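Here is entry-v6.tsv, consisting of TSV, C-alpha atoms:
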```
chain	number	residue	atom	x	y	z
X	1	MET	CA	-87.89	63.64	28.83
X	2	ASP	CA	-87.43	61.79	32.09
X	3	LEU	CA	-85.62	58.92	30.38
X	4	VAL	CA	-83.29	61.33	28.59
X	5	ILE	CA	-82.28	63.02	31.84
X	6	ARG	CA	-81.87	59.72	33.69
X	7	SER	CA	-79.78	58.10	30.97
X	8	PHE	CA	-77.69	61.27	30.60
X	9	LEU	CA	-76.95	61.34	34.33
X	10	ALA	CA	-76.20	57.60	34.40
X	11	PHE	CA	-73.83	57.99	31.43
X	12	VAL	CA	-71.98	60.93	32.98
X	13	PHE	CA	-71.63	59.15	36.30
X	14	VAL	CA	-70.41	55.86	34.83
X	15	PHE	CA	-67.96	57.80	32.64
X	16	ALA	CA	-66.65	59.69	35.68
X	17	VAL	CA	-66.31	56.46	37.64
X	18	THR	CA	-64.26	54.80	34.89
X	19	ARG	CA	-61.88	57.78	34.92
X	20	VAL	CA	-61.60	57.79	38.69
X	21	VAL	CA	-61.24	54.10	39.40
X	22	GLY	CA	-57.90	53.80	37.60
X	23	ARG	CA	-57.04	52.17	34.30
X	24	ARG	CA	-55.32	49.14	35.79
X	25	GLU	CA	-58.50	48.04	37.51
X	26	LEU	CA	-60.41	48.34	34.24
X	27	SER	CA	-57.82	46.82	31.92
X	28	THR	CA	-57.82	43.35	33.43
X	29	LEU	CA	-60.88	41.18	33.65
X	30	GLU	CA	-59.95	38.81	36.42
X	31	PRO	CA	-62.14	35.95	37.69
X	32	PHE	CA	-63.57	38.16	40.42
X	33	ASP	CA	-64.56	40.82	37.87
X	34	VAL	CA	-66.20	38.26	35.60
X	35	ILE	CA	-68.25	36.91	38.49
X	36	MET	CA	-69.13	40.45	39.54
X	37	LEU	CA	-70.29	41.27	36.01
X	38	VAL	CA	-72.42	38.16	35.72
X	39	VAL	CA	-73.85	38.33	39.18
X	40	ILE	CA	-74.30	42.08	39.55
X	41	GLY	CA	-77.40	42.04	37.35
X	42	ASP	CA	-79.04	39.59	39.70
X	43	VAL	CA	-77.54	41.09	42.83
X	44	GLN	CA	-78.71	44.55	41.82
X	45	GLN	CA	-82.29	43.72	42.76
X	46	GLY	CA	-81.19	42.46	46.13
X	47	VAL	CA	-79.10	45.57	46.68
X	48	THR	CA	-81.45	48.27	45.44
X	49	GLN	CA	-84.70	46.33	46.02
X	50	SER	CA	-87.53	48.41	44.62
X	51	ASP	CA	-85.37	51.50	44.23
X	52	TYR	CA	-85.65	52.83	40.67
X	53	SER	CA	-83.93	56.14	41.35
X	54	ILE	CA	-80.83	57.75	39.89
X	55	THR	CA	-79.86	58.55	43.48
X	56	GLY	CA	-79.85	54.81	44.17
X	57	ILE	CA	-77.55	54.20	41.17
X	58	LEU	CA	-75.26	56.98	42.40
X	59	ILE	CA	-75.01	55.50	45.90
X	60	VAL	CA	-74.44	51.90	44.75
X	61	LEU	CA	-71.86	52.91	42.13
X	62	SER	CA	-70.08	55.10	44.67
X	63	VAL	CA	-69.78	52.19	47.09
X	64	VAL	CA	-68.55	49.79	44.38
X	65	THR	CA	-66.06	52.37	43.07
X	66	LEU	CA	-64.70	53.14	46.52
X	67	MET	CA	-64.35	49.43	47.29
X	68	THR	CA	-62.49	48.88	44.00
X	69	ALA	CA	-60.15	51.80	44.71
X	70	LEU	CA	-59.63	50.66	48.31
X	71	PHE	CA	-58.77	47.09	47.29
X	72	ALA	CA	-56.39	48.37	44.59
X	73	TYR	CA	-54.68	50.60	47.16
X	74	LEU	CA	-54.40	47.81	49.74
X	75	ASN	CA	-52.99	45.53	47.08
X	76	PHE	CA	-50.41	48.17	46.10
X	77	ARG	CA	-49.55	49.34	49.61
X	78	PHE	CA	-49.36	46.02	51.44
X	79	PRO	CA	-47.51	43.34	49.43
X	80	ARG	CA	-48.29	40.73	52.06
X	81	MET	CA	-51.97	41.04	51.20
X	82	ARG	CA	-51.46	40.30	47.51
X	83	PRO	CA	-51.63	36.50	47.78
X	84	PHE	CA	-54.93	36.89	49.61
X	85	MET	CA	-56.35	39.52	47.27
X	86	GLU	CA	-55.03	38.31	43.93
X	87	GLY	CA	-53.91	34.77	44.59
X	88	ARG	CA	-50.58	33.41	43.39
X	89	PRO	CA	-49.47	32.07	40.02
X	90	VAL	CA	-49.20	28.30	39.61
X	91	VAL	CA	-46.45	26.72	37.53
X	92	LEU	CA	-47.98	24.06	35.27
X	93	ILE	CA	-44.96	22.99	33.24
X	94	ASP	CA	-41.38	22.91	34.47
X	95	ASN	CA	-38.67	22.28	31.87
X	96	GLY	CA	-41.15	20.66	29.51
X	97	ALA	CA	-42.59	18.36	32.17
X	98	VAL	CA	-46.24	18.75	33.00
X	99	ILE	CA	-46.80	19.02	36.75
X	100	GLU	CA	-49.91	16.86	37.15
X	101	ARG	CA	-50.41	17.77	40.79
X	102	ASN	CA	-50.68	21.47	39.94
X	103	LEU	CA	-53.02	20.76	37.04
X	104	ARG	CA	-55.28	18.73	39.32
X	105	ARG	CA	-55.23	21.51	41.89
X	106	GLU	CA	-56.49	23.97	39.28
X	107	ARG	CA	-58.84	21.39	37.69
X	108	LEU	CA	-57.06	21.72	34.34
X	109	THR	CA	-56.44	18.94	31.84
X	110	VAL	CA	-53.37	18.53	29.68
X	111	GLY	CA	-55.66	18.94	26.67
X	112	GLU	CA	-56.76	22.37	27.89
X	113	VAL	CA	-53.16	23.46	28.41
X	114	GLU	CA	-52.28	22.16	24.94
X	115	ALA	CA	-55.16	24.14	23.47
X	116	GLU	CA	-53.93	27.30	25.19
X	117	ALA	CA	-50.43	26.59	23.85
X	118	ARG	CA	-51.71	26.17	20.28
X	119	GLN	CA	-53.41	29.58	20.53
X	120	GLN	CA	-49.95	31.00	21.21
X	121	GLN	CA	-48.45	29.18	18.20
X	122	ILE	CA	-46.77	26.54	20.36
X	123	VAL	CA	-47.03	23.13	18.74
X	124	SER	CA	-45.92	20.89	21.58
X	125	LEU	CA	-45.69	21.25	25.34
X	126	ARG	CA	-42.25	19.64	25.06
X	127	LYS	CA	-41.14	22.91	23.46
X	128	VAL	CA	-42.24	24.79	26.57
X	129	ARG	CA	-39.78	25.52	29.32
X	130	TRP	CA	-42.37	26.89	31.71
X	131	ALA	CA	-46.10	27.36	31.64
X	132	VAL	CA	-47.64	29.47	34.37
X	133	LEU	CA	-51.28	29.90	35.27
X	134	GLU	CA	-51.30	33.62	36.02
X	135	ARG	CA	-53.41	35.42	38.62
X	136	ASN	CA	-55.80	36.62	35.93
X	137	GLY	CA	-56.50	33.05	34.77
X	138	ARG	CA	-54.42	33.20	31.60
X	139	ILE	CA	-51.63	30.75	30.91
X	140	SER	CA	-48.22	32.16	30.02
X	141	PHE	CA	-45.79	29.99	28.06
X	142	ILE	CA	-42.05	30.55	28.09
X	143	PRO	CA	-40.48	28.72	25.15
X	144	ASP	CA	-37.52	26.41	25.55
X	145	ASP	CA	-35.23	28.68	23.53
X	146	GLU	CA	-35.09	31.19	26.40
X	147	ALA	CA	-32.09	29.31	27.76
X	148	ASP	CA	-30.85	31.89	30.22
X	149	ALA	CA	-34.22	32.99	31.46
X	150	SER	CA	-35.73	32.10	34.79
X	151	ILE	CA	-39.23	32.76	36.01
X	152	PHE	CA	-38.28	32.18	39.61
X	153	ASP	CA	-37.17	34.80	42.07
X	154	GLN	CA	-33.36	34.58	41.97
X	155	ALA	CA	-33.04	36.08	45.42
X	156	ALA	CA	-35.11	33.25	46.84
X	157	LEU	CA	-32.86	30.55	45.39
J	1	MET	CA	-51.06	67.44	14.46
J	2	GLY	CA	-48.15	65.44	13.00
J	3	VAL	CA	-48.15	65.36	9.21
J	4	LYS	CA	-50.36	68.18	7.99
J	5	GLY	CA	-54.03	67.18	8.18
J	6	VAL	CA	-53.36	63.88	9.95
J	7	PRO	CA	-54.16	63.69	13.69
J	8	LYS	CA	-51.17	62.81	15.85
J	9	GLN	CA	-51.70	59.48	17.61
J	10	SER	CA	-48.22	58.38	18.64
J	11	LEU	CA	-46.65	58.86	22.06
J	12	ASP	CA	-45.31	62.20	23.07
J	13	ARG	CA	-42.15	62.24	25.18
J	14	SER	CA	-43.13	65.37	27.01
J	15	LEU	CA	-46.76	64.42	27.65
J	16	ASP	CA	-46.55	60.67	28.02
J	17	LEU	CA	-43.10	60.10	29.54
J	18	GLU	CA	-42.38	63.21	31.53
J	19	LEU	CA	-46.11	63.64	32.19
J	20	ARG	CA	-45.99	67.37	31.58
J	21	GLY	CA	-49.24	69.00	32.65
J	22	ARG	CA	-50.46	65.80	34.29
J	23	GLY	CA	-48.95	66.35	37.72
J	24	ARG	CA	-52.29	67.07	39.32
J	25	HIS	CA	-54.24	64.22	37.77
J	26	ALA	CA	-53.71	61.98	40.80
J	27	LEU	CA	-54.93	64.78	43.04
J	28	TYR	CA	-58.05	65.23	40.91
J	29	ARG	CA	-58.71	61.50	41.11
J	30	ARG	CA	-58.37	61.56	44.88
J	31	LEU	CA	-60.71	64.51	45.08
J	32	ALA	CA	-63.27	62.67	42.94
J	33	LEU	CA	-62.96	59.64	45.19
J	34	GLY	CA	-63.46	61.98	48.14
J	35	VAL	CA	-66.70	63.22	46.58
J	36	LEU	CA	-67.87	59.63	46.18
J	37	GLY	CA	-66.93	59.05	49.81
J	38	LEU	CA	-69.07	62.01	50.83
J	39	ILE	CA	-72.00	60.62	48.85
J	40	VAL	CA	-71.66	57.28	50.65
J	41	LEU	CA	-71.31	59.03	54.01
J	42	ALA	CA	-74.41	61.12	53.31
J	43	ALA	CA	-76.29	57.95	52.35
J	44	LEU	CA	-75.18	56.28	55.59
J	45	LEU	CA	-76.46	59.28	57.52
J	46	GLY	CA	-79.83	58.93	55.82
J	47	VAL	CA	-79.68	62.12	53.75
J	48	PHE	CA	-81.18	60.32	50.76
J	49	GLY	CA	-83.83	58.48	52.79
J	50	GLN	CA	-85.60	56.46	53.94
J	51	GLU	CA	-85.37	56.64	57.74
J	52	SER	CA	-88.69	57.36	59.41
J	53	THR	CA	-89.28	60.36	61.61
J	54	LYS	CA	-92.11	60.95	64.03
J	55	THR	CA	-94.22	64.08	64.24
J	56	VAL	CA	-96.51	64.53	67.22
J	57	ALA	CA	-99.38	67.00	67.38
J	58	ALA	CA	-101.20	67.19	70.70
J	59	GLY	CA	-104.69	68.65	71.09
J	60	GLN	CA	-106.91	68.91	74.14
J	61	ARG	CA	-109.02	65.90	73.16
J	62	ALA	CA	-106.51	63.76	71.29
J	63	VAL	CA	-102.88	63.27	70.35
J	64	LEU	CA	-101.97	62.58	66.74
J	65	SER	CA	-98.60	61.13	65.80
J	66	VAL	CA	-97.33	60.42	62.31
J	67	ASP	CA	-94.40	58.12	61.67
J	68	ALA	CA	-93.14	58.19	58.07
J	69	PRO	CA	-89.95	58.80	56.09
J	70	PRO	CA	-89.43	62.47	55.13
J	71	ARG	CA	-86.95	61.60	52.37
J	72	LEU	CA	-87.59	59.04	49.67
J	73	ARG	CA	-86.37	57.85	46.31
J	74	GLY	CA	-88.25	56.72	43.23
J	75	GLY	CA	-89.70	53.23	43.50
J	76	LEU	CA	-89.22	52.79	47.23
J	77	LEU	CA	-91.78	50.92	49.27
J	78	PHE	CA	-92.41	52.52	52.62
J	79	GLN	CA	-94.80	52.54	55.52
J	80	ALA	CA	-96.51	55.46	57.21
J	81	ARG	CA	-98.12	54.93	60.59
J	82	PHE	CA	-100.76	57.20	62.10
J	83	GLU	CA	-101.58	56.97	65.80
J	84	VAL	CA	-104.55	58.64	67.39
J	85	HIS	CA	-104.68	58.60	71.16
J	86	ALA	CA	-108.04	59.73	72.49
J	87	ARG	CA	-107.91	61.76	75.69
J	88	ARG	CA	-111.68	62.01	75.51
J	89	ARG	CA	-114.11	59.96	73.50
J	90	LEU	CA	-114.00	60.62	69.76
J	91	ALA	CA	-117.36	59.84	68.18
J	92	HIS	CA	-116.26	60.28	64.55
J	93	PRO	CA	-112.45	60.21	64.29
J	94	ASP	CA	-111.43	61.38	60.83
J	95	LEU	CA	-107.89	61.45	59.48
J	96	VAL	CA	-107.35	63.95	56.67
J	97	LEU	CA	-104.26	63.42	54.51
J	98	SER	CA	-103.23	66.41	52.40
J	99	PRO	CA	-102.92	65.98	48.60
J	100	GLY	CA	-99.13	65.80	48.91
J	101	TRP	CA	-99.51	62.28	50.28
J	102	PHE	CA	-101.04	61.12	47.01
J	103	HIS	CA	-99.06	63.18	44.53
J	104	GLY	CA	-97.04	60.62	42.58
J	105	MET	CA	-97.53	57.99	45.28
J	106	THR	CA	-99.34	54.67	45.18
J	107	LEU	CA	-101.25	53.73	48.30
J	108	ASN	CA	-101.14	49.95	48.53
J	109	THR	CA	-102.90	49.15	51.77
J	110	VAL	CA	-104.63	50.78	54.72
J	111	ALA	CA	-105.20	48.80	57.88
J	112	PRO	CA	-107.63	48.91	59.52
J	113	THR	CA	-109.90	49.67	56.60
J	114	PRO	CA	-111.70	53.01	57.10
J	115	LEU	CA	-115.48	53.05	57.39
J	116	SER	CA	-115.54	55.57	54.58
J	117	GLU	CA	-113.20	57.59	52.39
J	118	ASN	CA	-113.93	60.96	50.85
J	119	SER	CA	-111.82	63.14	48.63
J	120	GLY	CA	-112.00	66.92	48.75
J	121	GLU	CA	-109.85	70.00	48.28
J	122	GLY	CA	-108.16	69.38	51.60
J	123	GLY	CA	-107.12	65.90	50.62
J	124	LEU	CA	-108.45	62.47	51.46
J	125	THR	CA	-110.58	61.94	54.55
J	126	MET	CA	-110.59	58.50	56.17
J	127	SER	CA	-113.31	57.94	58.78
J	128	PHE	CA	-112.97	55.34	61.53
J	129	GLU	CA	-115.11	53.87	64.26
J	130	ALA	CA	-115.67	55.79	67.50
J	131	LEU	CA	-112.67	55.78	69.82
J	132	PRO	CA	-113.26	55.61	73.60
J	133	ALA	CA	-111.24	57.84	75.91
J	134	GLY	CA	-107.80	56.40	76.69
J	135	GLN	CA	-107.79	54.18	73.61
J	136	THR	CA	-105.35	54.41	70.71
J	137	LEU	CA	-106.15	53.89	67.07
J	138	VAL	CA	-103.17	52.83	64.95
J	139	VAL	CA	-103.56	53.09	61.18
J	140	TRP	CA	-100.95	51.37	59.05
J	141	THR	CA	-100.51	52.46	55.45
J	142	ASP	CA	-98.15	51.03	52.86
J	143	TRP	CA	-97.01	53.13	49.92
J	144	GLN	CA	-94.77	53.12	46.91
J	145	VAL	CA	-93.10	56.14	45.33
J	146	ASN	CA	-93.78	56.48	41.61
J	147	PRO	CA	-90.37	56.85	39.91
J	148	THR	CA	-91.33	60.09	38.17
J	149	ASN	CA	-92.40	61.71	41.43
J	150	VAL	CA	-89.52	64.07	42.19
J	151	GLY	CA	-89.51	67.14	44.43
J	152	ARG	CA	-90.64	68.42	47.77
J	153	ARG	CA	-94.21	68.77	48.93
J	154	ASP	CA	-96.34	69.02	52.04
J	155	GLU	CA	-97.57	65.87	53.70
J	156	ASP	CA	-99.84	67.25	56.39
J	157	VAL	CA	-102.16	65.14	58.48
J	158	ALA	CA	-105.13	66.51	60.39
J	159	LEU	CA	-107.36	64.83	62.94
J	160	PHE	CA	-111.02	65.75	63.20
J	161	ASP	CA	-113.91	64.56	65.30
J	162	GLY	CA	-116.65	65.08	62.77
J	163	ALA	CA	-116.26	68.73	61.75
J	164	GLU	CA	-114.22	69.72	64.82
J	165	PRO	CA	-110.45	69.98	64.24
J	166	LEU	CA	-108.45	68.31	67.03
J	167	ALA	CA	-104.80	68.23	65.97
J	168	SER	CA	-102.69	68.82	62.90
J	169	ALA	CA	-99.20	67.52	62.04
J	170	GLN	CA	-97.22	69.50	59.47
J	171	ARG	CA	-94.71	67.50	57.51
J	172	THR	CA	-92.92	67.62	54.19
J	173	VAL	CA	-91.55	64.89	52.00
J	174	THR	CA	-88.63	65.15	49.61
J	175	VAL	CA	-88.39	62.63	46.80
J	176	PHE	CA	-84.96	62.31	45.18
J	177	PRO	CA	-84.78	61.58	41.46
```
Starting from the file, give its structure as structure tokens.
Amino acid sequence: MDLVIRSFLAFVFVFAVTRVVGRRELSTLEPFDVIMLVVIGDVQQGVTQSDYSITGILIVLSVVTLMTALFAYLNFRFPRMRPFMEGRPVVLIDNGAVIERNLRRERLTVGEVEAEARQQQIVSLRKVRWAVLERNGRISFIPDDEADASIFDQAAL
Amino acid sequence: MGVKGVPKQSLDRSLDLELRGRGRHALYRRLALGVLGLIVLAALLGVFGQESTKTVAAGQRAVLSVDAPPRLRGGLLFQARFEVHARRRLAHPDLVLSPGWFHGMTLNTVAPTPLSENSGEGGLTMSFEALPAGQTLVVWTDWQVNPTNVGRRDEDVALFDGAEPLASAQRTVTVFP
């Protein structure tokens, strides 16, 4: 009886939170989210201590949800904060040439980039015009046949 | 429904592009976030526990004060402190805790250890050594709330010298689910 009520309430609350927090926040699993997911199980005991109550769940989830919504709003409202909150992309390949310095900075090997390229049906990095390590940790590849394309801000050139 | 009997799953220009009927969704989301904000604010203000409050009951021969949280949540560890200040000598100071103290609660420790403990209809009686006039007896108790213990109940404490009632502190505790 007690377990049914508790799990029902927890389900309803988590469902409501996922609707409130905004789909963009839920659709991307960025490095921060992964760490949060892994760590939150361990952190939970430090946060709630011996609290086994539904009220405790409600309070903790409310705080996490509000923080998520607040960070999303700050990120949207203040563009200058984006590099701090999301980081910036890093170009790994420029016109087919691997930029070793950028790979070292991100602790990536050429082999890892090649493996990512193969998963996107790209046989050789020489066929890549640009490869970009995106904010979410994924690598985007722009093939060499996109002759007129540019990934760089034209206004900044 | 698109083709008869087949649920429509594709995009709808009116609903999904012009967002007809969805104009207030953002407002609803903000309201929901506001509710969450109120929950957090209430928690910060201690509505859901577990800040301690002090209740003082003064009698002619002694003053009894009880320091314990009036609001708790399942599983919480907490401390309740009972202070007895003797205005005159108490030969047989007895603290009587009403049954509400023990309903769905686990008493982990009592310090100092009572000379004797007796359970009756009025609750649990803990007897201590004689207390000279002007002295204060401080009894520390550590508890844990059983997670299934939900509701509101009396947590009264009475001070006796033998059979003579000296002071009584009326308190309630609310345990959130």
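Separating CA of Ser168 (chain J) from CA of Gly123 (chain J) is a distance of 13.4 Å.
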*Within 6 Å of chain X, which residues of chain J are there when counting all atoms listed in the file? Please give them as a ChimeraX atom specification.*
/J:29,36,73-76,177
*Which of these, X:Leu70, X:Val90, X:Val123, X:Val4, has the shortest distance to Leu108 (chain X) once you count only C-alpha atoms?*
X:Val90
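For the atom pair formed by CA of Met67 (chain X) and CA of Ala43 (chain J), the distance is 15.5 Å, given to one decimal.
Our summary of the geometry notes that CA of Arg88 (chain J) is positioned 19.6 Å from CA of Val66 (chain J).
Considering only C-alpha atoms, the residue among X:Leu125, X:Met1, X:Ala117, X:Val132 positioned nearest to Phe152 (chain X) is X:Val132.
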_as an NGL selection string, please: the residues near Gln120 (chain X) (cut-off 12 Å, all atoms listed in the file, same-chain neighbours under 2 positions excluded)._
:X and (113-118 or 122-125 or 128 or 131 or 138-143)
*May I have the residues within 12 Å of Asn118 (chain J) as a PyMOL selection string, using only C-alpha atoms and disregarding those fewer than 6 positions away in the same chain?*
chain J and resi 94-97+124-127
_Please list as an NGL selection string every residue within 9 Å of region 51-55 of chain J, counting only C-alpha atoms and excluding residues in the same chain fewer than 5 positions away._
:J and (46 or 64-72 or 79-80 or 169-171)
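Residue nearest Val47 (chain J) within the list J:Ala167, J:Val175, J:Ala133, J:Ala158: J:Val175 [criterion: smallest interatomic distance, all atoms listed in the file].
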